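Asks: The file below is run-v9.csv, CSV, C-alpha atoms and all ligand atoms:
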```csv
chain,number,residue,atom,x,y,z
A,1,MET,CA,24.4,20.5,-7.4
A,2,ASP,CA,22.5,18.0,-5.4
A,3,ILE,CA,24.0,14.5,-5.8
A,4,ARG,CA,22.3,11.5,-4.3
A,5,ASN,CA,22.4,7.7,-4.4
A,6,CYS,CA,19.6,6.0,-6.2
A,7,ARG,CA,17.4,4.1,-3.8
A,8,ARG,CA,17.2,1.2,-6.1
A,9,CYS,CA,20.6,0.6,-7.7
A,10,ASN,CA,22.7,2.9,-5.4
A,11,LYS,CA,24.3,4.7,-8.3
A,12,ILE,CA,25.0,8.3,-7.8
A,13,PHE,CA,22.9,10.7,-9.8
A,14,GLN,CA,21.8,14.4,-9.9
A,15,TYR,CA,18.8,14.8,-7.7
A,16,ARG,CA,15.7,16.3,-9.3
A,17,GLY,CA,13.0,15.4,-6.9
A,18,SER,CA,13.1,11.6,-7.4
A,19,LYS,CA,14.7,9.0,-5.2
A,20,TYR,CA,15.7,7.0,-8.3
A,21,CYS,CA,18.3,7.6,-11.0
A,22,PRO,CA,17.0,8.3,-14.5
A,23,SER,CA,17.7,4.7,-15.7
A,24,CYS,CA,15.8,3.2,-12.7
A,25,MET,CA,12.9,5.7,-13.4
A,26,LEU,CA,12.6,4.1,-16.9
A,27,ASP,CA,12.7,0.6,-15.4
A,28,LEU,CA,10.1,1.5,-12.8
A,29,ASP,CA,7.7,2.8,-15.5
A,30,GLN,CA,8.0,-0.6,-17.2
A,31,ILE,CA,7.6,-2.4,-13.8
A,32,PHE,CA,4.6,-0.3,-13.0
A,33,ILE,CA,2.8,-1.4,-16.2
A,34,LYS,CA,3.7,-5.1,-15.5
A,35,VAL,CA,2.5,-4.8,-11.9
A,36,ARG,CA,-0.7,-3.0,-12.9
A,37,ASP,CA,-1.5,-5.6,-15.6
A,38,TYR,CA,-0.7,-8.5,-13.2
A,39,ILE,CA,-3.1,-7.2,-10.6
A,40,TYR,CA,-5.7,-6.6,-13.2
A,41,GLU,CA,-5.4,-10.2,-14.5
A,42,ASN,CA,-5.1,-11.7,-10.9
A,43,PRO,CA,-7.5,-9.7,-8.8
A,44,ASN,CA,-6.8,-11.9,-5.7
A,45,ALA,CA,-3.0,-11.7,-5.9
A,46,THR,CA,-1.3,-10.5,-2.7
A,47,ILE,CA,1.6,-8.1,-2.8
A,48,VAL,CA,4.0,-11.0,-2.2
A,49,ASP,CA,2.4,-12.9,-5.2
A,50,VAL,CA,2.9,-9.8,-7.4
A,51,SER,CA,6.4,-9.3,-6.2
A,52,GLN,CA,7.4,-13.0,-7.0
A,53,GLU,CA,5.5,-13.3,-10.3
A,54,VAL,CA,6.6,-9.9,-11.7
A,55,GLY,CA,10.0,-10.1,-10.1
A,56,VAL,CA,9.9,-6.8,-8.4
A,57,GLU,CA,10.7,-5.8,-4.8
A,58,GLU,CA,7.7,-5.5,-2.5
A,59,ASP,CA,9.0,-2.1,-1.4
A,60,ILE,CA,8.5,-0.8,-4.9
A,61,ILE,CA,5.0,-2.1,-5.1
A,62,LEU,CA,4.2,-0.5,-1.8
A,63,GLU,CA,5.6,2.7,-3.0
A,64,PHE,CA,3.3,2.7,-6.1
A,65,LEU,CA,0.4,2.0,-3.8
A,66,LYS,CA,1.2,4.6,-1.2
A,67,ALA,CA,1.7,7.2,-3.9
A,68,GLY,CA,-1.9,6.4,-5.1
A,69,ARG,CA,-0.5,5.4,-8.5
A,70,LEU,CA,-1.5,1.8,-8.2
A,71,GLU,CA,-4.6,0.2,-6.7
A,72,LEU,CA,-5.2,-3.4,-5.5
A,73,SER,CA,-8.3,-5.2,-6.8
A,74,SER,CA,-9.2,-6.2,-3.3
A,75,PRO,CA,-8.0,-5.3,0.2
A,76,GLY,CA,-5.6,-7.9,1.7
A,77,LEU,CA,-3.8,-8.3,5.0
A,78,ASP,CA,-0.5,-7.3,3.6
A,79,TYR,CA,-1.5,-3.7,2.9
A,80,LEU,CA,-2.9,-1.8,5.8
A,81,CYS,CA,-3.9,1.7,6.7
A,82,GLU,CA,-0.9,3.4,8.4
A,83,ARG,CA,-3.2,4.7,11.2
A,84,CYS,CA,-5.6,2.0,12.1
A,85,ASP,CA,-4.4,-1.2,10.3
A,86,THR,CA,-7.6,-1.7,8.2
A,87,PRO,CA,-6.8,-3.4,4.9
A,88,ILE,CA,-6.9,-0.8,2.1
A,89,VAL,CA,-6.3,-0.9,-1.7
A,90,THR,CA,-4.4,2.4,-2.3
A,91,GLY,CA,-2.8,5.4,-0.6
A,92,ARG,CA,-1.7,5.4,3.0
A,93,PHE,CA,-4.9,5.6,4.9
A,94,CYS,CA,-8.4,4.0,4.9
A,95,ASN,CA,-11.4,6.2,4.1
A,96,ASN,CA,-12.4,6.6,7.7
A,97,CYS,CA,-8.9,7.8,8.7
A,98,ILE,CA,-8.8,10.2,5.7
A,99,LYS,CA,-12.0,11.7,7.0
A,100,ASP,CA,-10.6,11.9,10.5
A,101,LEU,CA,-7.4,13.5,9.3
A,102,GLU,CA,-9.2,16.0,7.2
A,103,ARG,CA,-11.3,16.9,10.3
A,104,GLU,CA,-8.2,17.3,12.4
A,105,MET,CA,-6.5,19.4,9.8
A,106,LYS,CA,-9.4,21.8,9.8
A,107,LYS,CA,-9.5,22.1,13.6
A,108,GLY,CA,-7.1,25.0,13.7
A,109,LEU,CA,-3.7,26.2,14.7
A,110,GLY,CA,-2.9,23.9,17.6
A,111,GLU,CA,-3.3,20.8,15.4
A,112,SER,CA,-1.4,22.2,12.4
A,113,ALA,CA,1.6,22.9,14.7
A,114,GLN,CA,1.5,19.1,15.5
A,115,THR,CA,1.3,18.2,11.8
A,116,THR,CA,4.4,20.4,11.2
A,117,LYS,CA,6.3,18.5,13.9
A,118,LYS,CA,5.4,15.2,12.4
A,119,LEU,CA,6.6,16.3,9.0
A,120,GLY,CA,9.9,17.4,10.5
A,121,LYS,CA,10.3,13.9,12.0
A,122,ASP,CA,9.7,12.3,8.6
A,123,SER,CA,12.3,14.4,6.8
A,124,ASN,CA,14.8,13.5,9.6
A,125,ARG,CA,14.1,9.9,9.0
A,126,MET,CA,14.8,10.3,5.3
A,127,TYR,CA,18.1,12.0,6.1
A,128,THR,CA,19.2,9.1,8.3
A,129,ALA,CA,18.3,6.6,5.6
A,130,ASP,CA,20.5,8.6,3.2
A,131,LEU,CA,23.4,8.6,5.7
A,132,ARG,CA,23.1,4.9,6.1
A,133,HIS,CA,23.4,4.5,2.3
A,134,LYS,CA,26.5,6.6,2.4
A,135,LYS,CA,28.1,4.7,5.2
A,136,ARG,CA,27.7,1.4,3.4
A,137,GLY,CA,30.1,2.8,0.8
A,138,ILE,CA,29.2,2.5,-2.8
A,201,ZN,ZN,19.1,3.5,-10.1
A,202,ZN,ZN,-7.5,3.8,8.9
```
As a first step, turn the structure in this file into structure tokens.
Replies:
Amino acid sequence: MDIRNCRRCNKIFQYRGSKYCPSCMLDLDQIFIKVRDYIYENPNATIVDVSQEVGVEEDIILEFLKAGRLELSSPGLDYLCERCDTPIVTGRFCNNCIKDLEREMKKGLGESAQTTKKLGKDSNRMYTADLRHKKRGI
């Protein structure tokens, strides 16, 4: 059985592919609706505004955005492409970088080996984050 700490409330739960425990998942669904409605009603709100008005951590909003679940009404300086720092409204990269990345992916074996290396690094980072949670002692 894979037991992890919830990334939001730190409670221990049975891991099923989500970083959050079942009760936080329910909360997050509600938060998502509130955040989405707030952005819809306040198209010029920044992520900080949304975080303060809705009462939700900026990290959570960023996660909705990066997952492509949520979209800002207009690009702002607090949400940037991870590759070139262009303001974007959803996902992790701007349209130009998405095109570039797709081109690179198609380039062949050499490039795909690099991508695999990058992915390895990412999972390492997640593992370290997990350890840090454990060390803090819950
Ligand atoms: Zn939780
Ligand atoms: Zn970009």
Asks: Please, which residues have at least one atom within 7 Å of an atom of ligand ZN 201 (chain A), using only C-alpha atoms and all ligand atoms, listed as a PyMOL selection string?
Replies: chain A and resi 6-11+20-24
Asks: Work out how far CA of Leu62 in chain A is from CA of Glu104 in chain A, in Å to one decimal.
Replies: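 CA of Leu62 in chain A lies at a distance of 25.9 Å from CA of Glu104 in chain A.
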Asks: Which chain A residues have any atom within 6 Å of an atom of ligand ZN 202 (chain A), and for each, what is the nearest pair of atoms with distance in Å to one decimal, counting all atoms listed in the file, rows sorted by chain and number, as a Markdown table?
Replies:
```
| residue | atom | partner | partner_atom | distance |
| --- | --- | --- | --- | --- |
| A:Cys81 | CA | A:ZN202 | ZN | 4.7 |
| A:Arg83 | CA | A:ZN202 | ZN | 5.0 |
| A:Cys84 | CA | A:ZN202 | ZN | 4.1 |
| A:Thr86 | CA | A:ZN202 | ZN | 5.5 |
| A:Phe93 | CA | A:ZN202 | ZN | 5.1 |
| A:Cys94 | CA | A:ZN202 | ZN | 4.1 |
| A:Asn96 | CA | A:ZN202 | ZN | 5.8 |
| A:Cys97 | CA | A:ZN202 | ZN | 4.2 |
```
Asks: Applying 6 Å and only C-alpha atoms, which residues near range 64-79 of chain A remain after dropping the ones on its own chain fewer than 3 positions away? List them as number ranges by chain.
Replies: A: 43, 61, 87-92
Asks: Mind pulling up the distance from CA of Leu26 in chain A to CA of Tyr38 in chain A?
Replies: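 So the two atoms, CA of Tyr38 in chain A and CA of Leu26 in chain A, lie 18.7 Å apart.
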Asks: Quick one, how far is CA of Arg36 in chain A from CA of Arg16 in chain A?
Replies: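 Going from CA of Arg36 in chain A over to CA of Arg16 in chain A, I get 25.6 Å.
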Asks: I want to know what sits within 12 Å of Met1 in chain A, based on all atoms listed in the file, with residues of the same chain fewer than 5 positions away left out; could you give that as a PyMOL selection string?
Replies: chain A and resi 13-16
Asks: Around all of range 44-47 of chain A's listed atoms, make the axis-aligned box with 5 Å on each side and tell me centre and edge lengths in Å to one decimal, as lines of an AutoDock Vina configuration file.
Replies:
```
center_x = -2.6
center_y = -10.0
center_z = -4.3
size_x = 18.4
size_y = 13.8
size_z = 13.2
```
Asks: Quick one: of A:Tyr40, A:Gly17, A:Ile98, A:Val35, who's nearest to Gln52 in chain A, counting only C-alpha atoms?
Replies: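 Among the listed residues, A:Val35 lies closest to Gln52 in chain A.
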Asks: Just range 33-69 of chain A, please, as a JSON list (two decimals), in the first residue's frame (only N, CA, C and O atoms).
Replies:
```
[["chain", "number", "residue", "atom", "x", "y", "z"],
["A", 33, "ILE", "N", -14.18, 25.87, -8.37],
["A", 33, "ILE", "CA", -15.37, 26.56, -8.88],
["A", 33, "ILE", "C", -15.36, 28.03, -8.46],
["A", 33, "ILE", "O", -15.63, 28.92, -9.25],
["A", 34, "LYS", "N", -14.98, 28.27, -7.19],
["A", 34, "LYS", "CA", -14.93, 29.65, -6.70],
["A", 34, "LYS", "C", -13.91, 30.47, -7.47],
["A", 34, "LYS", "O", -14.17, 31.61, -7.85],
["A", 35, "VAL", "N", -12.73, 29.88, -7.67],
["A", 35, "VAL", "CA", -11.66, 30.58, -8.38],
["A", 35, "VAL", "C", -12.08, 30.87, -9.81],
["A", 35, "VAL", "O", -11.92, 31.99, -10.32],
["A", 36, "ARG", "N", -12.66, 29.88, -10.46],
["A", 36, "ARG", "CA", -13.08, 30.03, -11.85],
["A", 36, "ARG", "C", -14.13, 31.14, -11.97],
["A", 36, "ARG", "O", -14.04, 32.01, -12.83],
["A", 37, "ASP", "N", -15.10, 31.13, -11.05],
["A", 37, "ASP", "CA", -16.15, 32.16, -11.08],
["A", 37, "ASP", "C", -15.56, 33.54, -10.81],
["A", 37, "ASP", "O", -15.95, 34.52, -11.43],
["A", 38, "TYR", "N", -14.62, 33.60, -9.86],
["A", 38, "TYR", "CA", -14.03, 34.90, -9.52],
["A", 38, "TYR", "C", -13.29, 35.48, -10.73],
["A", 38, "TYR", "O", -13.41, 36.66, -11.03],
["A", 39, "ILE", "N", -12.54, 34.64, -11.42],
["A", 39, "ILE", "CA", -11.79, 35.11, -12.59],
["A", 39, "ILE", "C", -12.77, 35.54, -13.69],
["A", 39, "ILE", "O", -12.55, 36.53, -14.38],
["A", 40, "TYR", "N", -13.85, 34.81, -13.80],
["A", 40, "TYR", "CA", -14.86, 35.13, -14.81],
["A", 40, "TYR", "C", -15.48, 36.50, -14.53],
["A", 40, "TYR", "O", -15.68, 37.30, -15.43],
["A", 41, "GLU", "N", -15.75, 36.76, -13.25],
["A", 41, "GLU", "CA", -16.38, 38.03, -12.88],
["A", 41, "GLU", "C", -15.38, 39.17, -12.79],
["A", 41, "GLU", "O", -15.73, 40.34, -12.87],
["A", 42, "ASN", "N", -14.11, 38.85, -12.57],
["A", 42, "ASN", "CA", -13.06, 39.86, -12.44],
["A", 42, "ASN", "C", -11.92, 39.56, -13.41],
["A", 42, "ASN", "O", -10.86, 39.09, -13.01],
["A", 43, "PRO", "N", -12.14, 39.84, -14.68],
["A", 43, "PRO", "CA", -11.18, 39.41, -15.70],
["A", 43, "PRO", "C", -9.78, 39.98, -15.51],
["A", 43, "PRO", "O", -8.82, 39.41, -16.01],
["A", 44, "ASN", "N", -9.66, 41.10, -14.77],
["A", 44, "ASN", "CA", -8.34, 41.70, -14.62],
["A", 44, "ASN", "C", -7.65, 41.31, -13.32],
["A", 44, "ASN", "O", -6.59, 41.83, -13.00],
["A", 45, "ALA", "N", -8.27, 40.42, -12.58],
["A", 45, "ALA", "CA", -7.69, 40.02, -11.29],
["A", 45, "ALA", "C", -6.37, 39.29, -11.52],
["A", 45, "ALA", "O", -6.24, 38.49, -12.43],
["A", 46, "THR", "N", -5.39, 39.60, -10.66],
["A", 46, "THR", "CA", -4.12, 38.86, -10.70],
["A", 46, "THR", "C", -4.27, 37.62, -9.83],
["A", 46, "THR", "O", -5.25, 37.48, -9.09],
["A", 47, "ILE", "N", -3.27, 36.77, -9.89],
["A", 47, "ILE", "CA", -3.31, 35.55, -9.07],
["A", 47, "ILE", "C", -3.34, 35.91, -7.58],
["A", 47, "ILE", "O", -4.05, 35.29, -6.80],
["A", 48, "VAL", "N", -2.60, 36.96, -7.21],
["A", 48, "VAL", "CA", -2.60, 37.40, -5.81],
["A", 48, "VAL", "C", -4.00, 37.86, -5.40],
["A", 48, "VAL", "O", -4.49, 37.51, -4.32],
["A", 49, "ASP", "N", -4.66, 38.64, -6.27],
["A", 49, "ASP", "CA", -6.04, 39.08, -5.99],
["A", 49, "ASP", "C", -6.94, 37.88, -5.75],
["A", 49, "ASP", "O", -7.68, 37.83, -4.76],
["A", 50, "VAL", "N", -6.88, 36.94, -6.66],
["A", 50, "VAL", "CA", -7.75, 35.77, -6.56],
["A", 50, "VAL", "C", -7.47, 35.04, -5.25],
["A", 50, "VAL", "O", -8.40, 34.68, -4.51],
["A", 51, "SER", "N", -6.19, 34.87, -4.95],
["A", 51, "SER", "CA", -5.80, 34.16, -3.75],
["A", 51, "SER", "C", -6.37, 34.84, -2.51],
["A", 51, "SER", "O", -6.90, 34.18, -1.61],
["A", 52, "GLN", "N", -6.31, 36.18, -2.47],
["A", 52, "GLN", "CA", -6.80, 36.90, -1.29],
["A", 52, "GLN", "C", -8.33, 36.92, -1.22],
["A", 52, "GLN", "O", -8.92, 36.72, -0.17],
["A", 53, "GLU", "N", -8.96, 37.16, -2.37],
["A", 53, "GLU", "CA", -10.42, 37.30, -2.39],
["A", 53, "GLU", "C", -11.11, 35.97, -2.13],
["A", 53, "GLU", "O", -12.10, 35.90, -1.43],
["A", 54, "VAL", "N", -10.60, 34.91, -2.74],
["A", 54, "VAL", "CA", -11.24, 33.61, -2.59],
["A", 54, "VAL", "C", -10.74, 32.90, -1.33],
["A", 54, "VAL", "O", -11.39, 32.01, -0.80],
["A", 55, "GLY", "N", -9.56, 33.34, -0.83],
["A", 55, "GLY", "CA", -9.00, 32.71, 0.36],
["A", 55, "GLY", "C", -8.39, 31.36, 0.05],
["A", 55, "GLY", "O", -8.63, 30.38, 0.73],
["A", 56, "VAL", "N", -7.58, 31.32, -1.00],
["A", 56, "VAL", "CA", -6.94, 30.06, -1.38],
["A", 56, "VAL", "C", -5.46, 30.34, -1.67],
["A", 56, "VAL", "O", -5.11, 31.43, -2.11],
["A", 57, "GLU", "N", -4.61, 29.36, -1.38],
["A", 57, "GLU", "CA", -3.17, 29.53, -1.59],
["A", 57, "GLU", "C", -2.87, 29.76, -3.07],
["A", 57, "GLU", "O", -3.47, 29.14, -3.92],
["A", 58, "GLU", "N", -1.89, 30.66, -3.33],
["A", 58, "GLU", "CA", -1.49, 30.91, -4.71],
["A", 58, "GLU", "C", -1.02, 29.63, -5.40],
["A", 58, "GLU", "O", -1.26, 29.42, -6.59],
["A", 59, "ASP", "N", -0.34, 28.78, -4.65],
["A", 59, "ASP", "CA", 0.16, 27.52, -5.19],
["A", 59, "ASP", "C", -0.95, 26.68, -5.82],
["A", 59, "ASP", "O", -0.77, 26.05, -6.84],
["A", 60, "ILE", "N", -2.09, 26.68, -5.14],
["A", 60, "ILE", "CA", -3.21, 25.88, -5.61],
["A", 60, "ILE", "C", -3.73, 26.45, -6.93],
["A", 60, "ILE", "O", -4.01, 25.71, -7.88],
["A", 61, "ILE", "N", -3.82, 27.78, -7.00],
["A", 61, "ILE", "CA", -4.28, 28.41, -8.24],
["A", 61, "ILE", "C", -3.30, 28.09, -9.37],
["A", 61, "ILE", "O", -3.71, 27.72, -10.47],
["A", 62, "LEU", "N", -2.00, 28.20, -9.06],
["A", 62, "LEU", "CA", -0.98, 27.90, -10.07],
["A", 62, "LEU", "C", -1.11, 26.46, -10.55],
["A", 62, "LEU", "O", -0.93, 26.17, -11.73],
["A", 63, "GLU", "N", -1.44, 25.59, -9.63],
["A", 63, "GLU", "CA", -1.56, 24.19, -10.01],
["A", 63, "GLU", "C", -2.74, 23.97, -10.97],
["A", 63, "GLU", "O", -2.61, 23.25, -11.95],
["A", 64, "PHE", "N", -3.86, 24.63, -10.69],
["A", 64, "PHE", "CA", -5.01, 24.56, -11.60],
["A", 64, "PHE", "C", -4.60, 25.06, -12.99],
["A", 64, "PHE", "O", -4.98, 24.48, -14.01],
["A", 65, "LEU", "N", -3.85, 26.16, -12.99],
["A", 65, "LEU", "CA", -3.44, 26.77, -14.26],
["A", 65, "LEU", "C", -2.49, 25.86, -15.02],
["A", 65, "LEU", "O", -2.68, 25.61, -16.22],
["A", 66, "LYS", "N", -1.49, 25.35, -14.32],
["A", 66, "LYS", "CA", -0.49, 24.53, -14.98],
["A", 66, "LYS", "C", -1.09, 23.23, -15.52],
["A", 66, "LYS", "O", -0.65, 22.71, -16.53],
["A", 67, "ALA", "N", -2.09, 22.73, -14.83],
["A", 67, "ALA", "CA", -2.74, 21.52, -15.29],
["A", 67, "ALA", "C", -3.64, 21.81, -16.49],
["A", 67, "ALA", "O", -4.18, 20.90, -17.11],
["A", 68, "GLY", "N", -3.81, 23.08, -16.82],
["A", 68, "GLY", "CA", -4.65, 23.45, -17.96],
["A", 68, "GLY", "C", -6.12, 23.41, -17.60],
["A", 68, "GLY", "O", -7.00, 23.47, -18.45],
["A", 69, "ARG", "N", -6.41, 23.29, -16.31],
["A", 69, "ARG", "CA", -7.79, 23.16, -15.83],
["A", 69, "ARG", "C", -8.44, 24.54, -15.79],
["A", 69, "ARG", "O", -9.63, 24.70, -15.99]]
```
